[in-house]
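Encoded as structure tokens, the structure appears first; notes follow it.
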Amino acid sequence: MSSNRKKLIAVVGATGQQGSSVVRALQAQGQFKVRALTRNPDKHRGLADEVVEADLDRPETLQAAFAGAHGVFLVTNFWEQGTDELKQATAAVRAAKAAGAKHFVWSTLPDVEAISGGKLHVPHFSGKAKIDRIVKEAGFAHHTFVIAPFYYQNLLGVMAAQKQSDGTLGWALPIDPTVRGIHMGDITELGTIVAGAFAHPHEAGNGEYLPLVGDFMSFNEIVDTLNRQGHEFSFKQVPTEIFAASFPGAAEIAATFAWFQAHTYLGSNSSYQIGLANKIAGRQPTKFSTWAHANVPVHASA
């Protein structure tokens with residue numbers, strides 16, 4: 001099919017970890033024309049078939065950004081200073097609907113407050129979950145929810161092993177390391193699920209929830225996997241209240257680990273959803289041991 005005849009997918013946040021994965025997967029699939037949306041299009045020429053300016057905090061930029069798009073992928077960044085995810089997502093949903101988009105894919109997370117009966121407050125999860133209803137009620141011909149897991153990449157980035165008081169390199173976190181509760185995955189593979197959803201709207205576009213899950217582990221299993229590969233990482237469980245007071249933002253991280261321990265990352269038995277996501281993607285996601293072997297050099301913990 002010539003690129004002029006292909007349906008167009010607009011990807012919000014195309015330079016971020018999730019959005020760039022979606023752009024790559026759609027390009028590899030070859031079924032759609034890809035419009036990458038970014039606040040700085042001049043910096044990212046050549047990223048996709050089209051690179052267009054869009055800023056979720058400036059709704060007036062969204063109408064042109066979504067013009068002519070058959071599908072839209074949306075992700076918001078809770079961690080960016082000053083972000084109002086509800087406001088941003090509402091503007092994007094309205095603009096996509098006004099532009100005539102037929103298939104809307106939203107990157108969401110479980111509703112921690114609802115599932116925990118209000119006992120746990122994890123705004124970066126629950127804030128996204130509250131947007132699901134807005135997407136459902138917008139009246140798109142098709143809509144899909146994808147769920148990003150705990151990124152394997154976190155273990156090299158925001159949650160990299162630190163030098164501990166006993167001289168070891170490892171983690172000191174407020175979670176029982178024996179409890180299997182962490183749904184994990186290589187975030188660069190999220191795009192295959194999104195591309196699959198756009199390609200199979202009748203199977204994946206009726207409000208399905210499609211999580212990317214390469215592995216489901218306890219922290220002991222994470223550490224054991226790494227140490228079998230030649231590392232010497234350690235793990236120490238820290239009391240929640242001590243961790244929560246240890247640095248700005250620590251309270252939410254502590255609540256997140258309490259959530260993993262009590263309810264798992266996905267919050268429920270998600271085996272059917274995981275299976276459907278893998279079917280839609282047309283592949284099994286990479287296991288943690290395989291990813292770690294390729295991405296965590298042994299000298300890092302020596």
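The way I read the labels, and the way they are meant: chains A, B, ... in the order of the structure tokens, residue 1 as the first residue of every chain, and ligand 1 as the first ligand shown, with later ones counted on from there.
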Among stretch 19-244 of chain A, which residues carry a DSSP assignment of alpha helix (DSSP H), reported as a compact mmCIF listing (two decimals) with C-alpha atoms, in the first residue's frame?
# COMPACT_ATOMS: atom_id res chain seq x y z
CA GLY A 19 6.03 6.95 22.57
CA SER A 20 9.32 6.17 20.83
CA SER A 21 8.59 2.46 21.25
CA VAL A 22 5.20 2.98 19.59
CA VAL A 23 6.74 4.93 16.70
CA ARG A 24 9.35 2.21 16.08
CA ALA A 25 6.81 -0.62 16.24
CA LEU A 26 4.40 1.09 13.86
CA GLN A 27 7.23 1.79 11.41
CA ALA A 28 8.42 -1.82 11.61
CA GLN A 29 4.89 -3.10 11.06
CA LEU A 62 -3.71 19.51 19.38
CA GLN A 63 -6.36 20.04 16.72
CA ALA A 64 -3.82 20.41 13.93
CA ALA A 65 -1.67 17.65 15.43
CA PHE A 66 -4.55 15.16 15.24
CA GLU A 85 -2.59 14.50 33.77
CA LEU A 86 -6.39 14.80 33.97
CA LYS A 87 -6.37 18.18 32.26
CA GLN A 88 -3.87 17.07 29.60
CA ALA A 89 -5.64 13.81 28.79
CA THR A 90 -9.07 15.44 28.68
CA ALA A 91 -7.77 17.99 26.17
CA ALA A 92 -6.21 15.24 24.06
CA VAL A 93 -9.35 13.07 24.08
CA ARG A 94 -11.53 16.03 23.07
CA ALA A 95 -9.17 17.11 20.31
CA ALA A 96 -8.86 13.56 18.94
CA LYS A 97 -12.63 13.15 18.92
CA ALA A 98 -13.12 16.54 17.22
CA VAL A 112 -4.73 1.83 43.47
CA GLU A 113 -7.15 3.83 45.62
CA ALA A 114 -10.21 1.90 44.41
CA ILE A 115 -8.61 -1.56 44.57
CA PRO A 123 -1.26 9.21 42.50
CA HIS A 124 0.92 8.25 39.54
CA PHE A 125 -1.18 5.07 39.20
CA SER A 126 -4.66 6.24 40.26
CA GLY A 127 -4.44 9.53 38.35
CA LYS A 128 -4.07 7.63 35.08
CA ALA A 129 -6.85 5.17 36.01
CA ASP A 132 -10.07 5.59 31.59
CA ARG A 133 -13.70 6.67 31.98
CA ILE A 134 -13.11 9.82 29.90
CA VAL A 135 -11.71 7.67 27.09
CA LYS A 136 -14.61 5.19 27.35
CA GLU A 137 -17.26 7.88 27.29
CA LEU A 190 5.30 -1.69 24.60
CA GLY A 191 4.97 -0.47 21.03
CA THR A 192 4.37 -3.96 19.63
CA ILE A 193 1.18 -4.19 21.71
CA VAL A 194 0.02 -0.72 20.60
CA ALA A 195 0.79 -1.41 16.94
CA GLY A 196 -1.03 -4.74 17.23
CA ALA A 197 -4.06 -3.03 18.77
CA PHE A 198 -4.28 -0.53 15.91
CA ALA A 199 -3.95 -3.41 13.41
CA PRO A 201 -9.32 -3.15 16.34
CA HIS A 202 -12.05 -5.79 16.44
CA GLU A 203 -10.01 -7.93 18.86
CA ALA A 204 -8.33 -5.17 20.84
CA PHE A 219 12.75 -8.73 44.62
CA ASN A 220 14.64 -11.81 45.79
CA GLU A 221 14.06 -13.38 42.38
CA ILE A 222 15.31 -10.20 40.68
CA VAL A 223 18.49 -10.20 42.80
CA ASP A 224 19.00 -13.98 42.43
CA THR A 225 18.64 -13.72 38.64
CA LEU A 226 21.29 -11.01 38.50
CA ASN A 227 23.63 -12.80 40.90
CA ARG A 228 23.43 -16.03 38.91
CA THR A 240 8.05 1.75 55.25
CA GLU A 241 7.86 4.74 57.59
CA ILE A 242 11.67 5.17 57.65
CA PHE A 243 11.93 4.96 53.85
CA ALA A 244 8.95 7.31 53.37
Test item: residues at most 8 Å from A:Phe140, only C-alpha atoms, excluding those fewer than 2 positions along its chain, as a CSV table (one decimal) with N, CA, C and O atoms, in the first residue's frame:
chain,number,residue,atom,x,y,z
A,97,LYS,N,-11.2,13.4,19.3
A,97,LYS,CA,-12.6,13.2,18.9
A,97,LYS,C,-13.1,14.2,17.9
A,97,LYS,O,-13.7,13.9,16.9
A,101,ALA,N,-10.8,11.1,14.9
A,101,ALA,CA,-10.0,9.8,15.1
A,101,ALA,C,-11.0,8.7,15.4
A,101,ALA,O,-12.0,8.9,16.1
A,102,LYS,N,-10.7,7.5,14.9
A,102,LYS,CA,-11.5,6.3,15.1
A,102,LYS,C,-11.0,5.4,16.2
A,102,LYS,O,-11.8,4.7,16.7
A,103,HIS,N,-9.7,5.4,16.5
A,103,HIS,CA,-9.2,4.5,17.5
A,103,HIS,C,-8.3,5.2,18.4
A,103,HIS,O,-7.3,5.8,17.9
A,104,PHE,N,-8.6,5.2,19.7
A,104,PHE,CA,-7.8,5.9,20.7
A,104,PHE,C,-7.2,4.9,21.6
A,104,PHE,O,-7.9,4.1,22.2
A,136,LYS,N,-13.4,6.1,27.6
A,136,LYS,CA,-14.6,5.2,27.3
A,136,LYS,C,-15.8,6.0,26.9
A,136,LYS,O,-16.5,5.6,26.0
A,138,ALA,N,-16.0,8.9,25.5
A,138,ALA,CA,-15.8,9.8,24.4
A,138,ALA,C,-16.5,9.4,23.1
A,138,ALA,O,-16.8,10.2,22.2
A,142,HIS,N,-13.3,2.8,18.3
A,142,HIS,CA,-12.5,1.8,19.0
A,142,HIS,C,-11.7,2.5,20.0
A,142,HIS,O,-11.2,3.6,19.8
A,143,HIS,N,-11.5,1.9,21.2
A,143,HIS,CA,-10.5,2.4,22.2
A,143,HIS,C,-9.9,1.2,22.9
A,143,HIS,O,-10.5,0.1,23.1
Hey, could you make a per-residue contact list for stretch 50-119 of chain A against stretch 36-41 of chain A with 12 Å as the cut-off, showing the nearest pair of atoms and its distance in Å to one decimal, counting only C-alpha atoms, sorted by chain and number, as a tab-separated table?
residue	atom	partner	partner_atom	distance
A:Glu50	CA	A:Ala36	CA	6.1
A:Val51	CA	A:Ala36	CA	4.8
A:Val52	CA	A:Leu37	CA	5.1
A:Glu53	CA	A:Thr38	CA	5.2
A:Ala54	CA	A:Arg39	CA	5.3
A:Asp55	CA	A:Arg39	CA	5.4
A:Leu56	CA	A:Arg39	CA	8.8
A:Asp57	CA	A:Arg39	CA	10.0
A:Arg58	CA	A:Arg39	CA	10.0
A:Thr61	CA	A:Arg39	CA	9.6
A:Leu62	CA	A:Leu37	CA	9.3
A:Gln63	CA	A:Leu37	CA	11.9
A:Ala64	CA	A:Leu37	CA	10.7
A:Ala65	CA	A:Leu37	CA	7.0
A:Phe66	CA	A:Leu37	CA	9.1
A:Ala67	CA	A:Leu37	CA	11.9
A:Ala69	CA	A:Ala36	CA	11.4
A:Val72	CA	A:Leu37	CA	10.2
A:Phe73	CA	A:Leu37	CA	10.0
A:Leu74	CA	A:Leu37	CA	10.1
A:Val75	CA	A:Leu37	CA	11.4
A:Ala92	CA	A:Leu37	CA	11.9
**OP:** For A:Ile147, list every protein, DNA or RNA residue within 7 Å, evaluated using only C-alpha atoms, and leave out those in the same chain fewer than 5 positions away; present the list as a PyMOL selection string.
**Re:** chain A and resi 107-109+210-212
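Every residue of stretch 202-300 of chain A with a DSSP assignment of strand (DSSP E), taken from the backbone, is listed as Asn206, Gly207, Glu208, Tyr209, Leu210, Pro211, Asp215, Phe216, Met217, Phe233, Ser234, Phe235, Lys236 and Gln237 of chain A.
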Original post:
A:Ala160: which residues within 12 Å, counting only C-alpha atoms, same-chain residues fewer than 2 positions away excluded, as number ranges by chain?
Top reply: A: 151-158, 162-163, 169-173, 233, 296, 300-301
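Using only C-alpha atoms, the smallest distance between any of A:Val298, A:Ile253, A:Met184, A:Leu266 and A:Pro285 comes from A:Met184.
Taking atom CA of A:Ile182 and atom CA of A:Gln81 as endpoints, the distance between them is 26.6 Å.
Atom pair atom CA of A:Gly167 / atom CA of A:Ala245: separated by 22.9 Å.
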Original post:
Excluding same-chain residues fewer than 5 positions from A:Thr256, what lies within 10 Å of it counting only C-alpha atoms, as a list in words?
Top reply: Val112, Leu120, His121, Val122, Pro123, His124, Phe125, Pro174, Ile175, Ala250, Ala251, Gln261, Ala262, Thr264 and Tyr265 of chain A
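With distances taken over only C-alpha atoms, A:Pro110 is the one residue among A:Asn278, A:Pro110, A:Ala48, A:Glu80 lying closest to A:Lys130.
Restricting the calculation to only C-alpha atoms, the smallest distance between A:Gly185 and any of A:Asp215, A:Asp49, A:Glu208, A:Glu232 is found for A:Asp215.
For A:Thr144, the set of protein, DNA and RNA residues having any atom at most 6 Å away, when counting only C-alpha atoms and skipping those fewer than 3 positions along the same chain, is A:Val105, A:Gly205, A:Gly207, A:Glu208.
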Those residues with N, CA, C and O atoms, as an mmCIF file, in the first residue's frame please?
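File written: result.cif
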data_model
loop_
_atom_site.group_PDB
_atom_site.id
_atom_site.type_symbol
_atom_site.label_atom_id
_atom_site.label_comp_id
_atom_site.auth_asym_id
_atom_site.auth_seq_id
_atom_site.Cartn_x
_atom_site.Cartn_y
_atom_site.Cartn_z
ATOM 1 N N VAL A 105 -5.833 4.948 21.766
ATOM 2 C CA VAL A 105 -5.110 4.046 22.669
ATOM 3 C C VAL A 105 -4.504 4.873 23.794
ATOM 4 O O VAL A 105 -3.735 5.809 23.547
ATOM 5 N N GLY A 205 -9.896 -3.395 20.290
ATOM 6 C CA GLY A 205 -10.357 -2.003 20.326
ATOM 7 C C GLY A 205 -11.713 -1.799 20.955
ATOM 8 O O GLY A 205 -12.391 -0.807 20.692
ATOM 9 N N GLY A 207 -12.254 -1.596 24.351
ATOM 10 C CA GLY A 207 -12.010 -1.316 25.760
ATOM 11 C C GLY A 207 -11.161 -2.358 26.461
ATOM 12 O O GLY A 207 -11.145 -2.416 27.687
ATOM 13 N N GLU A 208 -10.448 -3.183 25.671
ATOM 14 C CA GLU A 208 -9.574 -4.192 26.288
ATOM 15 C C GLU A 208 -8.414 -3.523 27.032
ATOM 16 O O GLU A 208 -7.954 -2.452 26.646
#
